[in-house]
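Structure data (PDB, C-alpha atoms) from coords24.pdb:
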```pdb
ATOM      1  CA  MET G   1       7.211  -6.535 -48.757  1.00  0.00           C
ATOM      2  CA  ASN G   2       8.939  -3.778 -46.719  1.00  0.00           C
ATOM      3  CA  LYS G   3       5.534  -2.296 -45.837  1.00  0.00           C
ATOM      4  CA  LEU G   4       4.384  -5.706 -44.569  1.00  0.00           C
ATOM      5  CA  LYS G   5       7.533  -6.082 -42.429  1.00  0.00           C
ATOM      6  CA  SER G   6       6.976  -2.574 -41.035  1.00  0.00           C
ATOM      7  CA  LEU G   7       3.343  -3.317 -40.185  1.00  0.00           C
ATOM      8  CA  VAL G   8       4.285  -6.622 -38.507  1.00  0.00           C
ATOM      9  CA  SER G   9       7.029  -4.854 -36.553  1.00  0.00           C
ATOM     10  CA  ILE G  10       4.590  -2.141 -35.405  1.00  0.00           C
ATOM     11  CA  ALA G  11       1.994  -4.747 -34.423  1.00  0.00           C
ATOM     12  CA  ILE G  12       4.541  -6.736 -32.400  1.00  0.00           C
ATOM     13  CA  SER G  13       5.747  -3.553 -30.665  1.00  0.00           C
ATOM     14  CA  ALA G  14       2.167  -2.582 -29.821  1.00  0.00           C
ATOM     15  CA  LEU G  15       1.373  -6.029 -28.406  1.00  0.00           C
ATOM     16  CA  LEU G  16       4.563  -5.986 -26.354  1.00  0.00           C
ATOM     17  CA  SER G  17       3.699  -2.522 -24.986  1.00  0.00           C
ATOM     18  CA  ILE G  18       0.165  -3.602 -24.083  1.00  0.00           C
ATOM     19  CA  THR G  19       1.455  -6.771 -22.403  1.00  0.00           C
ATOM     20  CA  LEU G  20       4.029  -4.845 -20.369  1.00  0.00           C
ATOM     21  CA  ALA G  21       1.484  -2.209 -19.374  1.00  0.00           C
ATOM     22  CA  PHE G  22      -0.965  -4.907 -18.286  1.00  0.00           C
ATOM     23  CA  ASN G  23       1.690  -6.716 -16.239  1.00  0.00           C
ATOM     24  CA  PHE G  24       2.763  -3.543 -14.447  1.00  0.00           C
ATOM     25  CA  THR G  25      -0.810  -2.575 -13.557  1.00  0.00           C
ATOM     26  CA  LEU G  26      -1.795  -5.925 -12.086  1.00  0.00           C
ATOM     27  CA  PRO G  27      -0.821  -5.047  -8.481  1.00  0.00           C
ATOM     28  CA  ALA G  28      -3.092  -2.008  -8.614  1.00  0.00           C
ATOM     29  CA  VAL G  29      -6.128  -4.071  -9.589  1.00  0.00           C
ATOM     30  CA  ALA G  30      -5.455  -7.129  -7.452  1.00  0.00           C
ATOM     31  CA  SER G  31      -8.058  -8.263  -4.975  1.00  0.00           C
ATOM     32  CA  PRO G  32      -7.908  -6.572  -1.552  1.00  0.00           C
ATOM     33  CA  ALA G  33      -6.548  -9.773  -0.013  1.00  0.00           C
ATOM     34  CA  GLN G  34      -3.596  -9.668  -2.404  1.00  0.00           C
ATOM     35  CA  GLN G  35      -2.766  -6.005  -1.894  1.00  0.00           C
ATOM     36  CA  SER G  36       0.155  -4.839   0.190  1.00  0.00           C
ATOM     37  CA  THR G  37      -0.501  -2.757   3.284  1.00  0.00           C
ATOM     38  CA  SER G  38       2.161  -0.290   2.182  1.00  0.00           C
ATOM     39  CA  LEU G  39       1.708   2.669  -0.111  1.00  0.00           C
ATOM     40  CA  PHE G  40       4.599   1.225  -2.096  1.00  0.00           C
ATOM     41  CA  ASP G  41       5.149  -2.284  -3.387  1.00  0.00           C
ATOM     42  CA  ASP G  42       8.718  -2.633  -2.102  1.00  0.00           C
ATOM     43  CA  SER G  43       9.762  -5.072  -4.799  1.00  0.00           C
ATOM     44  CA  TYR G  44       9.239  -2.531  -7.583  1.00  0.00           C
ATOM     45  CA  GLY G  45       8.844   0.785  -5.739  1.00  0.00           C
ATOM     46  CA  THR G  46       5.465   1.229  -7.394  1.00  0.00           C
ATOM     47  CA  LEU G  47       2.299   2.665  -5.966  1.00  0.00           C
ATOM     48  CA  VAL G  48      -0.297   0.200  -4.707  1.00  0.00           C
ATOM     49  CA  ALA G  49      -3.946   1.195  -5.037  1.00  0.00           C
ATOM     50  CA  TYR G  50      -6.509   0.726  -2.300  1.00  0.00           C
ATOM     51  CA  ALA G  51     -10.252   0.431  -2.416  1.00  0.00           C
ATOM     52  CA  GLN G  52     -10.793   2.135   0.946  1.00  0.00           C
ATOM     53  CA  ASP G  53     -11.631   5.596   2.245  1.00  0.00           C
ATOM     54  CA  ILE G  54      -8.997   8.335   2.435  1.00  0.00           C
ATOM     55  CA  VAL G  55      -8.169   7.885   6.125  1.00  0.00           C
ATOM     56  CA  THR G  56      -7.880   4.093   5.964  1.00  0.00           C
ATOM     57  CA  THR G  57      -5.755   4.325   2.828  1.00  0.00           C
ATOM     58  CA  ALA G  58      -3.393   6.787   4.517  1.00  0.00           C
ATOM     59  CA  VAL G  59      -3.186   4.764   7.741  1.00  0.00           C
ATOM     60  CA  GLU G  60      -2.471   1.511   5.926  1.00  0.00           C
ATOM     61  CA  ALA G  61       0.212   3.182   3.811  1.00  0.00           C
ATOM     62  CA  GLY G  62       2.310   3.489   6.971  1.00  0.00           C
ATOM     63  CA  GLN G  63       3.873   6.798   5.895  1.00  0.00           C
ATOM     64  CA  PHE G  64       1.233   9.129   7.300  1.00  0.00           C
ATOM     65  CA  ASN G  65       1.285   8.306  11.019  1.00  0.00           C
ATOM     66  CA  THR G  66       1.622  11.958  12.046  1.00  0.00           C
ATOM     67  CA  LEU G  67      -1.185  13.006   9.710  1.00  0.00           C
ATOM     68  CA  ALA G  68      -3.391  10.221  11.098  1.00  0.00           C
ATOM     69  CA  ALA G  69      -2.653  11.310  14.690  1.00  0.00           C
ATOM     70  CA  ALA G  70      -3.407  14.927  13.779  1.00  0.00           C
ATOM     71  CA  LEU G  71      -6.698  13.981  12.097  1.00  0.00           C
ATOM     72  CA  GLN G  72      -7.661  12.044  15.230  1.00  0.00           C
ATOM     73  CA  ALA G  73      -6.722  14.921  17.556  1.00  0.00           C
ATOM     74  CA  ALA G  74      -8.687  17.369  15.398  1.00  0.00           C
ATOM     75  CA  GLY G  75     -11.758  15.140  15.228  1.00  0.00           C
ATOM     76  CA  LEU G  76     -11.609  14.999  11.425  1.00  0.00           C
ATOM     77  CA  VAL G  77     -11.375  11.230  10.906  1.00  0.00           C
ATOM     78  CA  GLU G  78     -15.130  10.757  10.445  1.00  0.00           C
ATOM     79  CA  VAL G  79     -15.314  13.721   8.075  1.00  0.00           C
ATOM     80  CA  LEU G  80     -12.662  12.235   5.783  1.00  0.00           C
ATOM     81  CA  GLN G  81     -14.281   8.818   6.008  1.00  0.00           C
ATOM     82  CA  SER G  82     -17.619  10.193   4.805  1.00  0.00           C
ATOM     83  CA  SER G  83     -18.764   9.918   1.198  1.00  0.00           C
ATOM     84  CA  GLY G  84     -17.056  13.152   0.124  1.00  0.00           C
ATOM     85  CA  PRO G  85     -15.558  13.182  -2.399  1.00  0.00           C
ATOM     86  CA  PHE G  86     -12.394  14.912  -1.228  1.00  0.00           C
ATOM     87  CA  THR G  87      -8.962  15.653  -2.601  1.00  0.00           C
ATOM     88  CA  VAL G  88      -6.331  15.525   0.129  1.00  0.00           C
ATOM     89  CA  PHE G  89      -2.812  16.888  -0.243  1.00  0.00           C
ATOM     90  CA  ALA G  90      -1.247  14.570   2.332  1.00  0.00           C
ATOM     91  CA  PRO G  91       2.121  15.391   3.921  1.00  0.00           C
ATOM     92  CA  THR G  92       4.284  12.398   4.798  1.00  0.00           C
ATOM     93  CA  ASP G  93       5.769  11.773   8.229  1.00  0.00           C
ATOM     94  CA  ALA G  94       9.044  13.189   6.863  1.00  0.00           C
ATOM     95  CA  ALA G  95       7.229  16.407   5.912  1.00  0.00           C
ATOM     96  CA  PHE G  96       5.938  16.798   9.479  1.00  0.00           C
ATOM     97  CA  ALA G  97       9.436  16.029  10.814  1.00  0.00           C
ATOM     98  CA  ASP G  98      10.740  19.038   8.855  1.00  0.00           C
ATOM     99  CA  LEU G  99       8.583  21.422  10.906  1.00  0.00           C
ATOM    100  CA  PRO G 100      10.263  23.340  13.755  1.00  0.00           C
ATOM    101  CA  PRO G 101      10.971  21.129  16.802  1.00  0.00           C
ATOM    102  CA  GLY G 102       8.010  20.839  19.147  1.00  0.00           C
ATOM    103  CA  LEU G 103       5.454  22.346  16.746  1.00  0.00           C
ATOM    104  CA  VAL G 104       3.633  19.092  15.986  1.00  0.00           C
ATOM    105  CA  GLU G 105       3.433  18.206  19.668  1.00  0.00           C
ATOM    106  CA  ASP G 106       2.047  21.677  20.449  1.00  0.00           C
ATOM    107  CA  LEU G 107      -0.556  21.415  17.686  1.00  0.00           C
ATOM    108  CA  LEU G 108      -1.744  18.042  19.006  1.00  0.00           C
ATOM    109  CA  ARG G 109      -2.609  19.524  22.407  1.00  0.00           C
ATOM    110  CA  PRO G 110      -6.371  19.892  23.023  1.00  0.00           C
ATOM    111  CA  GLU G 111      -6.077  23.643  23.566  1.00  0.00           C
ATOM    112  CA  ASN G 112      -4.741  24.011  19.987  1.00  0.00           C
ATOM    113  CA  LYS G 113      -7.483  21.991  18.313  1.00  0.00           C
ATOM    114  CA  ASP G 114      -8.903  24.966  16.381  1.00  0.00           C
ATOM    115  CA  THR G 115      -5.498  25.788  14.891  1.00  0.00           C
ATOM    116  CA  LEU G 116      -4.929  22.127  14.020  1.00  0.00           C
ATOM    117  CA  ILE G 117      -8.322  21.938  12.286  1.00  0.00           C
ATOM    118  CA  LYS G 118      -7.463  25.068  10.294  1.00  0.00           C
ATOM    119  CA  ILE G 119      -4.135  23.591   9.145  1.00  0.00           C
ATOM    120  CA  LEU G 120      -5.546  20.154   8.283  1.00  0.00           C
ATOM    121  CA  THR G 121      -8.599  21.431   6.399  1.00  0.00           C
ATOM    122  CA  TYR G 122      -6.244  23.657   4.385  1.00  0.00           C
ATOM    123  CA  HIS G 123      -4.916  20.386   2.912  1.00  0.00           C
ATOM    124  CA  VAL G 124      -8.392  19.307   1.714  1.00  0.00           C
ATOM    125  CA  VAL G 125     -10.177  20.396  -1.455  1.00  0.00           C
ATOM    126  CA  PRO G 126     -13.853  19.524  -1.969  1.00  0.00           C
ATOM    127  CA  GLY G 127     -14.435  17.090  -4.834  1.00  0.00           C
ATOM    128  CA  LYS G 128     -12.187  14.563  -6.508  1.00  0.00           C
ATOM    129  CA  VAL G 129      -9.467  16.398  -8.436  1.00  0.00           C
ATOM    130  CA  LEU G 130      -7.015  14.131 -10.225  1.00  0.00           C
ATOM    131  CA  SER G 131      -3.569  15.424 -11.132  1.00  0.00           C
ATOM    132  CA  GLY G 132      -4.541  15.624 -14.800  1.00  0.00           C
ATOM    133  CA  ASP G 133      -7.384  17.972 -13.849  1.00  0.00           C
ATOM    134  CA  LEU G 134      -5.169  20.378 -11.903  1.00  0.00           C
ATOM    135  CA  VAL G 135      -4.383  23.715 -13.517  1.00  0.00           C
ATOM    136  CA  SER G 136      -2.250  26.574 -12.277  1.00  0.00           C
ATOM    137  CA  GLY G 137      -4.174  29.001 -10.117  1.00  0.00           C
ATOM    138  CA  LYS G 138      -6.002  29.345  -6.826  1.00  0.00           C
ATOM    139  CA  VAL G 139      -8.054  26.436  -5.499  1.00  0.00           C
ATOM    140  CA  GLY G 140     -10.477  26.716  -2.564  1.00  0.00           C
ATOM    141  CA  THR G 141      -9.938  24.471   0.452  1.00  0.00           C
ATOM    142  CA  LEU G 142     -12.292  23.245   3.173  1.00  0.00           C
ATOM    143  CA  GLU G 143     -10.486  25.656   5.513  1.00  0.00           C
ATOM    144  CA  GLY G 144     -11.775  28.565   3.428  1.00  0.00           C
ATOM    145  CA  ASP G 145      -8.524  29.991   2.076  1.00  0.00           C
ATOM    146  CA  ASP G 146      -7.134  29.211  -1.368  1.00  0.00           C
ATOM    147  CA  ILE G 147      -4.058  27.159  -2.055  1.00  0.00           C
ATOM    148  CA  ASP G 148      -1.831  28.155  -4.945  1.00  0.00           C
ATOM    149  CA  VAL G 149      -1.419  25.343  -7.487  1.00  0.00           C
ATOM    150  CA  GLN G 150       1.414  25.539 -10.024  1.00  0.00           C
ATOM    151  CA  VAL G 151       1.424  22.963 -12.805  1.00  0.00           C
ATOM    152  CA  SER G 152       4.506  22.739 -15.017  1.00  0.00           C
ATOM    153  CA  TYR G 153       6.587  20.217 -16.889  1.00  0.00           C
ATOM    154  CA  ALA G 154       8.622  19.823 -13.695  1.00  0.00           C
ATOM    155  CA  GLY G 155       5.534  18.639 -11.789  1.00  0.00           C
ATOM    156  CA  VAL G 156       2.860  20.039  -9.527  1.00  0.00           C
ATOM    157  CA  LYS G 157       3.421  22.377  -6.584  1.00  0.00           C
ATOM    158  CA  VAL G 158       0.799  23.269  -4.003  1.00  0.00           C
ATOM    159  CA  ASP G 159       1.892  26.440  -2.237  1.00  0.00           C
ATOM    160  CA  GLU G 160       5.554  25.511  -1.590  1.00  0.00           C
ATOM    161  CA  ALA G 161       5.011  21.731  -1.425  1.00  0.00           C
ATOM    162  CA  ASN G 162       5.808  19.360  -4.272  1.00  0.00           C
ATOM    163  CA  VAL G 163       3.348  16.639  -5.204  1.00  0.00           C
ATOM    164  CA  ILE G 164       5.619  13.611  -5.015  1.00  0.00           C
ATOM    165  CA  ILE G 165       2.986  10.920  -5.618  1.00  0.00           C
ATOM    166  CA  PRO G 166      -0.204  11.949  -7.420  1.00  0.00           C
ATOM    167  CA  ASP G 167      -3.558  10.221  -7.689  1.00  0.00           C
ATOM    168  CA  VAL G 168      -3.626   7.683  -4.858  1.00  0.00           C
ATOM    169  CA  PRO G 169      -7.181   6.368  -5.238  1.00  0.00           C
ATOM    170  CA  ALA G 170      -9.658   6.076  -2.390  1.00  0.00           C
ATOM    171  CA  THR G 171     -13.345   5.220  -2.368  1.00  0.00           C
ATOM    172  CA  ASN G 172     -14.264   8.762  -1.361  1.00  0.00           C
ATOM    173  CA  GLY G 173     -11.738  10.770  -3.336  1.00  0.00           C
ATOM    174  CA  VAL G 174      -8.058  10.959  -4.076  1.00  0.00           C
ATOM    175  CA  ILE G 175      -4.806  11.608  -2.211  1.00  0.00           C
ATOM    176  CA  HIS G 176      -1.859  13.544  -3.608  1.00  0.00           C
ATOM    177  CA  VAL G 177       1.236  12.953  -1.474  1.00  0.00           C
ATOM    178  CA  ILE G 178       3.241  16.119  -0.767  1.00  0.00           C
ATOM    179  CA  ASP G 179       6.703  16.718   0.672  1.00  0.00           C
ATOM    180  CA  SER G 180       5.903  19.514   3.128  1.00  0.00           C
ATOM    181  CA  VAL G 181       3.100  20.673   5.385  1.00  0.00           C
ATOM    182  CA  LEU G 182       0.886  23.448   4.023  1.00  0.00           C
ATOM    183  CA  ILE G 183       0.364  26.351   6.420  1.00  0.00           C
ATOM    184  CA  PRO G 184      -2.588  28.676   5.804  1.00  0.00           C
ATOM    185  CA  GLY G 185      -2.260  32.399   6.366  1.00  0.00           C
ATOM    186  CA  PHE G 186      -3.390  33.134   9.897  1.00  0.00           C
TER
END
```
Give the structure from the file, written as structure tokens.
Amino acid sequence: MNKLKSLVSIAISALLSITLAFNFTLPAVASPAQQSTSLFDDSYGTLVAYAQDIVTTAVEAGQFNTLAAALQAAGLVEVLQSSGPFTVFAPTDAAFADLPPGLVEDLLRPENKDTLIKILTYHVVPGKVLSGDLVSGKVGTLEGDDIDVQVSYAGVKVDEANVIIPDVPATNGVIHVIDSVLIPGF
């Protein structure tokens, strides 16, 4: 009789877990018309998935305005809207704000386009690399240099940036949100 009670208890716990998991994943699989235009669902602070390309996903998230402006100034929007796939380590607006005063404005000037392209393509890895596929070591970027990935129980670091939100899906790859701007060696 105790074995039967234990089995029933385990079955109820499993059903409850499955039900809760299903309920918490519903916003991520809702139809596009039902999805929020923010990277976060403000009511729960959870990530909202998009079925759009990397650039559109970032723009609609509302937290990558500086990155979007930089991609536009560098002429990289069409590249990151192509079929890819790409993995983008995307710095937030706050990450760009942490750069020295005036640096972003200088980089956005037409005469600095080559430097801006070098910095932005350093944030892009060819292929779709989910966080579970990342391993510690060097990873080649579109810019040509390697980024240093460190995977630990504390999380994932890319160079000195922390991945603060992994695996934001896009139709042509994946975005990993980072807390600082990556600067390649010049």
Which residues would end up in the selection if the PyMOL selection byres ((chain G and resi 88-91) around 7) were applied here, given that I need the answer as a PyMOL selection string? chain G and resi 86-87+92-93+95-96+123-125+174-181
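Nearest to Lys113 (chain G) of all the residues G:Val59, G:Ala69, G:Val158, G:Ala74 is G:Ala74, counting only C-alpha atoms.
Evaluating the PyMOL selection byres ((chain G and resi 129-139) around 6) against the shown model yields G:Thr87, G:Lys128, G:Gly140, G:Asp146, G:Ile147, G:Asp148, G:Val149, G:Gln150, G:Val151, G:Asp167.
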G:Glu105, G:Asp159, G:Asp98, G:Glu60: which is nearest Tyr122 (chain G), counting only C-alpha atoms? G:Asp159
Could you check how far CA of Glu160 (chain G) sits from CA of Ile183 (chain G), in Å to one decimal?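 Answer for the CA of Glu160 (chain G) to CA of Ile183 (chain G) separation: 9.6 Å.
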Compute the distance from (-6.6, 4.4, 7.6) to each atom, counting all atoms listed in the file, keep the residues with any atom at most 12 Å away, and return them as a PyMOL selection string; use the coordinates of the file. chain G and resi 37-39+50-65+67-69+71-72+77-78+80-81+170
What gap, in Å, lies between CA of Pro166 (chain G) and CA of Leu108 (chain G)? 27.2 Å
Among the residues G:Ile164, G:Val104, G:Leu99, G:Leu142, the one that comes closest to Val79 (chain G) [using all atoms listed in the file]: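 That would be G:Leu142, the residue with the smallest distance to Val79 (chain G).
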So which one's closest to Gly75 (chain G), G:Val156, G:Ile117, G:Leu103, G:Val163? Using only C-alpha atoms, please. G:Ile117
For the file shown, report as a list in words the outcome of the PyMOL selection byres ((chain G and resi 84) around 8) at residue level.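 Selected by the PyMOL selection byres ((chain G and resi 84) around 8) in this file: Leu80, Gln81, Ser82, Ser83, Pro85, Phe86, Pro126, Gly127, Asn172 and Gly173 of chain G.
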Closest to Asp106 (chain G) among G:Ala73, G:Val168, G:Gly185, G:Thr141, using only C-alpha atoms?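 With only C-alpha atoms as the atom set, the closest residue is G:Ala73.
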Pairwise distance for CA of Leu120 (chain G) and CA of Ala161 (chain G), rounded to one decimal in Å: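 Rounded to one decimal, the two atoms are 14.4 Å apart.
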Need the axis-aligned box for region 52-69 of chain G with 3 Å each side, so what are the centre and edges in Å to one decimal, as JSON?
```
{"center_x": -3.9, "center_y": 7.3, "center_z": 7.8, "size_x": 21.5, "size_y": 17.5, "size_z": 19.7}
```
Which of these residues is nearest to Pro184 (chain G), using all atoms listed in the file: G:Pro110, G:Gly102, G:Gly144, G:Pro169?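 Nearest to Pro184 (chain G): G:Gly144.
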